[in-house]
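Read through the structure below, which is laid out as structure tokens, and then see the notes.
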Amino acid sequence: TYAKLMAKTNRVAEAELMYQKAMELDSSSATVHQHYGQYLAETGRNEEAADMMVKAVDLGTPEFETIFNAANALRQAARYEDAEKYYKHATQLKPEVASAHMNLGAILHLNGKYVEAEASYLRALELKPDDTMTMQNLKKLRTILNKQSRR
């Protein structure tokens, strides 16, 4: 979009105005909300980005990418319980996507739901066995689980 181009060329104020104008023209468009949400996330406005991405999900048909992006935005805004719901939804829509399971595992891990996190990490590794990040996260999680079992 033209607004994205403005943002990439460091014309941030103009980009912001373009996104706001798009919102005025069609405030019921999931696509407008998603693009504006991505822009807000890229500019570090995580709370606003999360709200915008959730609105995009609410306005559109439940598509994996929109739901996954909303989950990511919610995680960046430290709204972990909400992010968990969206990551779960993403894994239900596309159970074959390893990154969805890895991110669900990570958010469950942050939320202290260690057994569920382990299951998500293991599912991610079934789908993508060579994923270093998932293996590292699983190792950290198992260290926590081992410490808990010794108590």
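To be explicit about the labels: the chains of the structure tokens are called A, B, and onward in the order shown, and within each one the residues are counted from 1, while ligands get numbers from 1 in the order they are shown.
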Close residues, Val54 of chain A itself excluded, 6 Å, only C-alpha atoms, min 3 positions apart in chain, as a list in words: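 Here the qualifying residues turn out to be Asp51, Val57 and Ala70 of chain A.
For Gln34 of chain A, the non-local neighbours within 9 Å, defined as residues at least 6 positions apart in the same chain or in other chains and counting only C-alpha atoms, are Ala49, Met52, Met53, Val54, Lys55, Ala56, Val57, Thr66, Asn69 and Ala70 of chain A.
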Suppose we keep all heavy atoms; can you now write the selection as a PDB file, in the first residue's frame?
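Result saved to again.pdb:
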ATOM      1  N   ALA A  49      -1.391  -1.856  18.465  1.00  0.00           N
ATOM      2  CA  ALA A  49      -1.305  -2.878  17.422  1.00  0.00           C
ATOM      3  C   ALA A  49      -2.150  -4.088  17.789  1.00  0.00           C
ATOM      4  O   ALA A  49      -2.885  -4.618  16.946  1.00  0.00           O
ATOM      5  CB  ALA A  49       0.148  -3.288  17.215  1.00  0.00           C
ATOM      6  N   MET A  52      -5.791  -3.335  17.320  1.00  0.00           N
ATOM      7  CA  MET A  52      -6.118  -3.246  15.900  1.00  0.00           C
ATOM      8  C   MET A  52      -6.179  -4.635  15.264  1.00  0.00           C
ATOM      9  O   MET A  52      -7.064  -4.932  14.460  1.00  0.00           O
ATOM     10  CB  MET A  52      -5.079  -2.371  15.199  1.00  0.00           C
ATOM     11  CG  MET A  52      -5.496  -1.859  13.861  1.00  0.00           C
ATOM     12  SD  MET A  52      -6.913  -0.724  13.864  1.00  0.00           S
ATOM     13  CE  MET A  52      -6.279   0.668  14.776  1.00  0.00           C
ATOM     14  N   MET A  53      -5.254  -5.514  15.643  1.00  0.00           N
ATOM     15  CA  MET A  53      -5.223  -6.865  15.076  1.00  0.00           C
ATOM     16  C   MET A  53      -6.404  -7.702  15.564  1.00  0.00           C
ATOM     17  O   MET A  53      -6.973  -8.479  14.801  1.00  0.00           O
ATOM     18  CB  MET A  53      -3.897  -7.549  15.418  1.00  0.00           C
ATOM     19  CG  MET A  53      -2.694  -6.856  14.809  1.00  0.00           C
ATOM     20  SD  MET A  53      -2.780  -6.692  13.015  1.00  0.00           S
ATOM     21  CE  MET A  53      -1.918  -8.160  12.545  1.00  0.00           C
ATOM     22  N   VAL A  54      -6.771  -7.530  16.820  1.00  0.00           N
ATOM     23  CA  VAL A  54      -7.947  -8.240  17.339  1.00  0.00           C
ATOM     24  C   VAL A  54      -9.193  -7.771  16.600  1.00  0.00           C
ATOM     25  O   VAL A  54     -10.050  -8.584  16.226  1.00  0.00           O
ATOM     26  CB  VAL A  54      -8.084  -8.034  18.870  1.00  0.00           C
ATOM     27  CG1 VAL A  54      -9.445  -8.471  19.375  1.00  0.00           C
ATOM     28  CG2 VAL A  54      -6.971  -8.792  19.591  1.00  0.00           C
ATOM     29  N   LYS A  55      -9.287  -6.480  16.343  1.00  0.00           N
ATOM     30  CA  LYS A  55     -10.426  -5.938  15.586  1.00  0.00           C
ATOM     31  C   LYS A  55     -10.443  -6.521  14.173  1.00  0.00           C
ATOM     32  O   LYS A  55     -11.509  -6.837  13.639  1.00  0.00           O
ATOM     33  CB  LYS A  55     -10.343  -4.405  15.554  1.00  0.00           C
ATOM     34  CG  LYS A  55     -11.539  -3.739  14.945  1.00  0.00           C
ATOM     35  CD  LYS A  55     -12.762  -3.831  15.822  1.00  0.00           C
ATOM     36  CE  LYS A  55     -13.870  -2.973  15.259  1.00  0.00           C
ATOM     37  NZ  LYS A  55     -15.122  -3.159  15.988  1.00  0.00           N
ATOM     38  N   ALA A  56      -9.275  -6.690  13.562  1.00  0.00           N
ATOM     39  CA  ALA A  56      -9.192  -7.291  12.225  1.00  0.00           C
ATOM     40  C   ALA A  56      -9.759  -8.708  12.242  1.00  0.00           C
ATOM     41  O   ALA A  56     -10.491  -9.105  11.325  1.00  0.00           O
ATOM     42  CB  ALA A  56      -7.750  -7.298  11.729  1.00  0.00           C
ATOM     43  N   VAL A  57      -9.433  -9.469  13.285  1.00  0.00           N
ATOM     44  CA  VAL A  57      -9.969 -10.824  13.418  1.00  0.00           C
ATOM     45  C   VAL A  57     -11.484 -10.767  13.575  1.00  0.00           C
ATOM     46  O   VAL A  57     -12.222 -11.515  12.920  1.00  0.00           O
ATOM     47  CB  VAL A  57      -9.330 -11.565  14.612  1.00  0.00           C
ATOM     48  CG1 VAL A  57     -10.046 -12.886  14.884  1.00  0.00           C
ATOM     49  CG2 VAL A  57      -7.847 -11.800  14.363  1.00  0.00           C
ATOM     50  N   THR A  66      -4.337 -13.922   9.892  1.00  0.00           N
ATOM     51  CA  THR A  66      -4.868 -12.817  10.697  1.00  0.00           C
ATOM     52  C   THR A  66      -4.875 -13.187  12.173  1.00  0.00           C
ATOM     53  O   THR A  66      -4.480 -12.388  13.027  1.00  0.00           O
ATOM     54  CB  THR A  66      -6.283 -12.438  10.229  1.00  0.00           C
ATOM     55  OG1 THR A  66      -6.265 -12.213   8.825  1.00  0.00           O
ATOM     56  CG2 THR A  66      -6.798 -11.199  10.923  1.00  0.00           C
ATOM     57  N   ASN A  69      -1.235 -13.397  13.438  1.00  0.00           N
ATOM     58  CA  ASN A  69      -0.695 -12.042  13.609  1.00  0.00           C
ATOM     59  C   ASN A  69      -1.279 -11.364  14.846  1.00  0.00           C
ATOM     60  O   ASN A  69      -0.568 -10.641  15.552  1.00  0.00           O
ATOM     61  CB  ASN A  69      -0.956 -11.192  12.364  1.00  0.00           C
ATOM     62  CG  ASN A  69      -0.095 -11.603  11.195  1.00  0.00           C
ATOM     63  OD1 ASN A  69       0.929 -12.254  11.344  1.00  0.00           O
ATOM     64  ND2 ASN A  69      -0.513 -11.234  10.000  1.00  0.00           N
ATOM     65  N   ALA A  70      -2.556 -11.591  15.103  1.00  0.00           N
ATOM     66  CA  ALA A  70      -3.177 -11.027  16.312  1.00  0.00           C
ATOM     67  C   ALA A  70      -2.524 -11.627  17.555  1.00  0.00           C
ATOM     68  O   ALA A  70      -2.224 -10.903  18.517  1.00  0.00           O
ATOM     69  CB  ALA A  70      -4.674 -11.283  16.314  1.00  0.00           C
TER      70      ALA A  70
END
How close does each residue of segment 32-101 of chain A get to segment 12-25 of chain A, giving the shortest atom pair and distance in Å to one decimal for every residue with an atom at most 8 Å away, counting only C-alpha atoms, sorted by chain and residue number, as a Markdown table?
| residue | atom | partner | partner_atom | distance |
| --- | --- | --- | --- | --- |
| A:Val32 | CA | A:Met23 | CA | 6.5 |
| A:His33 | CA | A:Met23 | CA | 7.5 |
| A:Tyr36 | CA | A:Tyr19 | CA | 5.9 |
Print the selection's residues with all heavy atoms to a file, as a PDB file, in the first residue's frame.
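File selection-v2.pdb, as written:
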ATOM      1  N   VAL A  32      -7.966  -3.274   6.366  1.00  0.00           N
ATOM      2  CA  VAL A  32      -7.470  -1.974   6.813  1.00  0.00           C
ATOM      3  C   VAL A  32      -6.949  -2.087   8.244  1.00  0.00           C
ATOM      4  O   VAL A  32      -5.856  -1.605   8.562  1.00  0.00           O
ATOM      5  CB  VAL A  32      -8.562  -0.882   6.701  1.00  0.00           C
ATOM      6  CG1 VAL A  32      -8.131   0.396   7.401  1.00  0.00           C
ATOM      7  CG2 VAL A  32      -8.891  -0.608   5.243  1.00  0.00           C
ATOM      8  N   HIS A  33      -7.705  -2.749   9.103  1.00  0.00           N
ATOM      9  CA  HIS A  33      -7.278  -2.936  10.490  1.00  0.00           C
ATOM     10  C   HIS A  33      -5.988  -3.752  10.567  1.00  0.00           C
ATOM     11  O   HIS A  33      -5.099  -3.436  11.348  1.00  0.00           O
ATOM     12  CB  HIS A  33      -8.384  -3.601  11.305  1.00  0.00           C
ATOM     13  CG  HIS A  33      -9.465  -2.672  11.702  1.00  0.00           C
ATOM     14  ND1 HIS A  33     -10.496  -2.320  10.853  1.00  0.00           N
ATOM     15  CD2 HIS A  33      -9.688  -1.997  12.848  1.00  0.00           C
ATOM     16  CE1 HIS A  33     -11.302  -1.479  11.469  1.00  0.00           C
ATOM     17  NE2 HIS A  33     -10.836  -1.257  12.689  1.00  0.00           N
ATOM     18  N   TYR A  36      -3.021  -1.554   9.320  1.00  0.00           N
ATOM     19  CA  TYR A  36      -2.722  -0.517  10.316  1.00  0.00           C
ATOM     20  C   TYR A  36      -2.095  -1.155  11.554  1.00  0.00           C
ATOM     21  O   TYR A  36      -1.134  -0.637  12.127  1.00  0.00           O
ATOM     22  CB  TYR A  36      -3.992   0.261  10.653  1.00  0.00           C
ATOM     23  CG  TYR A  36      -3.801   1.565  11.391  1.00  0.00           C
ATOM     24  CD1 TYR A  36      -2.565   2.182  11.496  1.00  0.00           C
ATOM     25  CD2 TYR A  36      -4.880   2.195  11.984  1.00  0.00           C
ATOM     26  CE1 TYR A  36      -2.401   3.385  12.167  1.00  0.00           C
ATOM     27  CE2 TYR A  36      -4.734   3.407  12.661  1.00  0.00           C
ATOM     28  CZ  TYR A  36      -3.485   3.988  12.755  1.00  0.00           C
ATOM     29  OH  TYR A  36      -3.333   5.191  13.428  1.00  0.00           O
TER      30      TYR A  36
END
Selected residue, from A:Leu108, A:Leu59, A:Ala7, A:Ala50, that lies nearest to Ala30 of chain A when counting only C-alpha atoms: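 Smallest distance to Ala30 of chain A is found for A:Leu59.
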Point-to-point distance from atom CA of Asn72 of chain A to atom CA of Leu145 of chain A, Å rounded to tenths: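 Interatomic distance here is 25.6 Å.
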Residues flagged helix (DSSP H, G or I) by DSSP in segment 18-143 of chain A, as an MDAnalysis selection string: chainID A and resid 18:25 30:42 46:59 64:76 80:93 98:110 114:127 132:143
Minimum-distance residue to Asn46 of chain A, chosen among A:Gln76, A:Ser27, A:Glu63, A:Lys94 (using only C-alpha atoms): A:Gln76
Straight-line distance linking atom CA of Tyr86 of chain A with atom CA of Asp58 of chain A, stated in Å to one decimal: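 Taking atom CA of Tyr86 of chain A as the start and atom CA of Asp58 of chain A as the end point, the length is 11.7 Å.
Nearest residue to Arg142 of chain A, choosing from A:His109, A:Arg45, A:Lys8, A:His89 and counting only C-alpha atoms: A:His109.
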From A:Ala41, A:Gly60, A:Pro95, A:Ala100, residue lying nearest Ala73 of chain A [only C-alpha atoms]: A:Ala41
Residue neighbourhood Pro129 of chain A, 12 Å, only C-alpha atoms, exclusion window fewer than 6 positions, as a count of residues only: 7
